[in-house]
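Right, one structure below, let's go through it.
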Amino acid sequence: MRASPLLRRRTARGDYDARIGLNMTPMVDVVMVILVFFMASASILGPEWLVATRVPKKGGVATATDAQPLRLQVTLTRGADGSTVFAIGDTTFSREAALASLTRAISGRAPSDVVVLLRPASDVPYEDVVLLHAACQQLGLTKVGLSD
Amino acid sequence: MIDVIMVLIIFYLIVGKLAVDQSARVQLPAAFAGLSETQRGITLAVLPQSDAPVAPGTPEEPPLVLLEGQPITLSALADALRIRMPELAEGKQVVPLHLRADKRLTYGAVQPVIEACRAAGITSIKLVASRDAQLGALQIENAQRATMGISPGPAPSPSTSGGTP
């Protein structure tokens, strides 16, 4: 015995099929997965800084400028206790005092008037080279280079 | 349901590709100042061959160098950079070079890479670092103490000198 279409009972399925318009449920699923993906990848990347350095050409870094720039040569060596020893001329300082010592070394000169050249020893952690670059960046020094 | 499964498949494809891309393994050094990323540059990643901690005293093995995610030898690096940056032949550099070197490396491991860049004619490199405000606060505090004529700040403790967690 078959019920005629006119006599069929109203069902939830029937109501659902009769709807016109966007089907929201799968779309919300998809969008949520994409959202979670972007949230996860964003937290993996994390915020980054870029610190600029120059690589002057081999042999002579003579730059012809009208004003005589202050040339600072910073050497990095590994101390006896394994920590890095920074030195500008005869003045040595530790990692913690990097910014303070650089500030003292440039002694109020304009940042554009200072040339910093780094000479790291090969057993110095790369992190300390970056730290010194960051200190120069903080002081607004743009002419920072790695010597060969 | 098919929609959801398809998106999941795409998700795992991308995540799988990220895991294979070894430049994601680089642990960036910390910096407290720098420039925000503005221009898309050529990425050069330098990282240790394995994540296993190296016993002290053993000689450091040469690092893994990746140019735009592809492993490359040091000897081929200068030529590869010249091909990617043709303007270097004219003595100028237009595209920035981003050096993502690992903080576990010594400068001696990174130096050959920088020398290769120098040989290729590159004049400017951007070192990529992770932002560390805490480190900056300590540095600035020490700098302020120094300008005020007070002794140069707290004694270095092993936890701060060894990098950031």
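To be explicit about the labels: the chains of the structure tokens are called A, B, and onward in the order shown, and within each one the residues are counted from 1, while ligands get numbers from 1 in the order they are shown.
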
Closest-contact table, chain A side, partner chain B, 7 Å, counting only C-alpha atoms, as CSV:
residue,atom,partner,partner_atom,distance
A:Pro26,CA,B:Asp3,CA,6.7
A:Asp29,CA,B:Val4,CA,6.4
A:Val30,CA,B:Val4,CA,5.7
A:Pro47,CA,B:Arg131,CA,6.0
A:Glu48,CA,B:Ser130,CA,4.5
A:Trp49,CA,B:Gly34,CA,5.0
A:Leu50,CA,B:Val128,CA,4.7
A:Val51,CA,B:Gly34,CA,4.9
A:Ala52,CA,B:Lys126,CA,4.4
A:Thr53,CA,B:Ile125,CA,5.3
A:Arg54,CA,B:Ser124,CA,4.3
A:Val55,CA,B:Thr123,CA,4.9
A:Pro56,CA,B:Thr123,CA,6.1
A:Lys57,CA,B:Arg118,CA,6.6
A:Arg95,CA,B:Ser161,CA,6.9
A:Glu96,CA,B:Gln139,CA,6.2
A:Ala97,CA,B:Asn142,CA,6.2
A:Leu99,CA,B:Gln139,CA,5.8
A:Ala100,CA,B:Ala143,CA,3.7
A:Pro120,CA,B:Tyr107,CA,7.0
A:Ser122,CA,B:Gly108,CA,3.7
A:Asp123,CA,B:Thr106,CA,5.6
A:Val124,CA,B:Thr106,CA,5.4
A:Pro125,CA,B:Thr106,CA,4.1
A:Tyr126,CA,B:Tyr107,CA,4.5
A:Glu127,CA,B:Lys103,CA,5.1
A:Val130,CA,B:Ala31,CA,6.7
A:Leu131,CA,B:Ala31,CA,5.7
A:Ala134,CA,B:Ala33,CA,5.0
A:Ala135,CA,B:Ala33,CA,7.0
A:Gln137,CA,B:Gly34,CA,5.9
A:Gln138,CA,B:Ala33,CA,5.5

Among stretch 16-148 of chain A, which residues does DSSP mark as strand (DSSP E) when it is run on the backbone? Keep the chain and numbering as in the structure and answer as a short mmCIF file (atom, residue, chain, number, x, y, z; two decimals) with C-alpha atoms, in the first residue's frame.
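And here's result.cif as it stands now:
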data_model
loop_
_atom_site.label_atom_id
_atom_site.label_comp_id
_atom_site.auth_asym_id
_atom_site.auth_seq_id
_atom_site.Cartn_x
_atom_site.Cartn_y
_atom_site.Cartn_z
CA GLU A 48 60.89 37.97 13.46
CA TRP A 49 63.39 40.78 13.22
CA LEU A 50 65.77 41.44 10.40
CA VAL A 51 69.16 42.89 11.27
CA ALA A 52 71.08 44.31 8.36
CA THR A 53 74.77 43.69 7.90
CA ARG A 54 77.21 44.60 5.19
CA LEU A 70 84.46 56.97 13.48
CA ARG A 71 85.68 53.46 12.79
CA LEU A 72 84.98 50.90 15.44
CA GLN A 73 86.43 47.47 15.14
CA VAL A 74 84.74 45.00 17.44
CA THR A 75 86.47 41.68 17.95
CA LEU A 76 84.65 38.72 19.41
CA THR A 77 86.62 35.95 21.05
CA ARG A 78 85.75 33.06 23.29
CA THR A 84 82.07 35.52 24.48
CA VAL A 85 84.41 38.45 25.11
CA PHE A 86 83.65 41.54 23.05
CA ALA A 87 86.47 44.04 22.58
CA ILE A 88 86.66 47.51 21.06
CA THR A 91 88.11 47.83 26.16
CA THR A 92 86.48 44.48 26.74
CA PHE A 93 82.90 43.86 27.72
CA VAL A 114 80.05 55.64 12.69
CA VAL A 115 81.31 52.57 10.86
CA VAL A 116 81.31 49.32 12.81
CA LEU A 117 83.29 46.34 11.61
CA LEU A 118 82.92 43.01 13.36
CA ARG A 119 85.71 40.47 13.56
CA PRO A 120 84.26 37.37 15.22
CA VAL A 144 77.68 47.60 10.29
CA GLY A 145 79.77 45.04 8.52
CA LEU A 146 81.34 41.64 8.90
#

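Among the candidates B:Val94, B:Val26, B:Ala89, B:Ala78, the residue lying nearest to B:Leu64 is B:Val26 (atoms considered: only C-alpha atoms).
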
In stretch 41-145 of chain A, what's alpha helix (DSSP H) per DSSP? Answer as a short mmCIF file (atom, residue, chain, number, x, y, z; two decimals) with C-alpha atoms, in the first residue's frame?
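Contents of states-v7.cif, as written:
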data_model
loop_
_atom_site.label_atom_id
_atom_site.label_comp_id
_atom_site.auth_asym_id
_atom_site.auth_seq_id
_atom_site.Cartn_x
_atom_site.Cartn_y
_atom_site.Cartn_z
CA SER A 41 50.90 27.96 11.18
CA ALA A 42 50.97 31.51 12.51
CA SER A 43 52.11 30.33 15.91
CA ILE A 44 54.85 28.20 14.33
CA LEU A 45 56.36 31.16 12.50
CA ALA A 98 76.96 45.11 24.72
CA LEU A 99 74.53 47.98 24.22
CA ALA A 100 75.98 50.02 27.09
CA SER A 101 79.54 49.67 25.85
CA LEU A 102 78.61 50.51 22.27
CA THR A 103 76.78 53.60 23.46
CA ARG A 104 79.90 54.68 25.32
CA ALA A 105 82.13 53.89 22.35
CA ILE A 106 80.25 56.06 19.88
CA TYR A 126 76.58 32.92 16.01
CA GLU A 127 73.95 34.20 18.43
CA ASP A 128 76.40 36.72 19.90
CA VAL A 129 77.20 38.08 16.44
CA VAL A 130 73.50 38.71 15.93
CA LEU A 131 73.22 40.28 19.39
CA LEU A 132 75.89 42.84 18.59
CA HIS A 133 74.15 43.62 15.30
CA ALA A 134 70.92 44.17 17.21
CA ALA A 135 72.70 46.54 19.59
CA CYS A 136 73.98 48.54 16.61
CA GLN A 137 70.48 48.57 15.18
CA GLN A 138 69.12 49.87 18.47
#

Could you check which of B:Thr73, B:Gln27, B:Gln49, B:Gln39 is closest to B:Glu61, using only C-alpha atoms? B:Gln49

Please indicate the distance in Å from atom CA of B:Val46 to atom CA of B:Arg25, rounded to one decimal place. 9.9 Å

In Å and to one decimal, atom CA of B:Asp79 is distant from atom CA of B:Asp51 by 28.7 Å
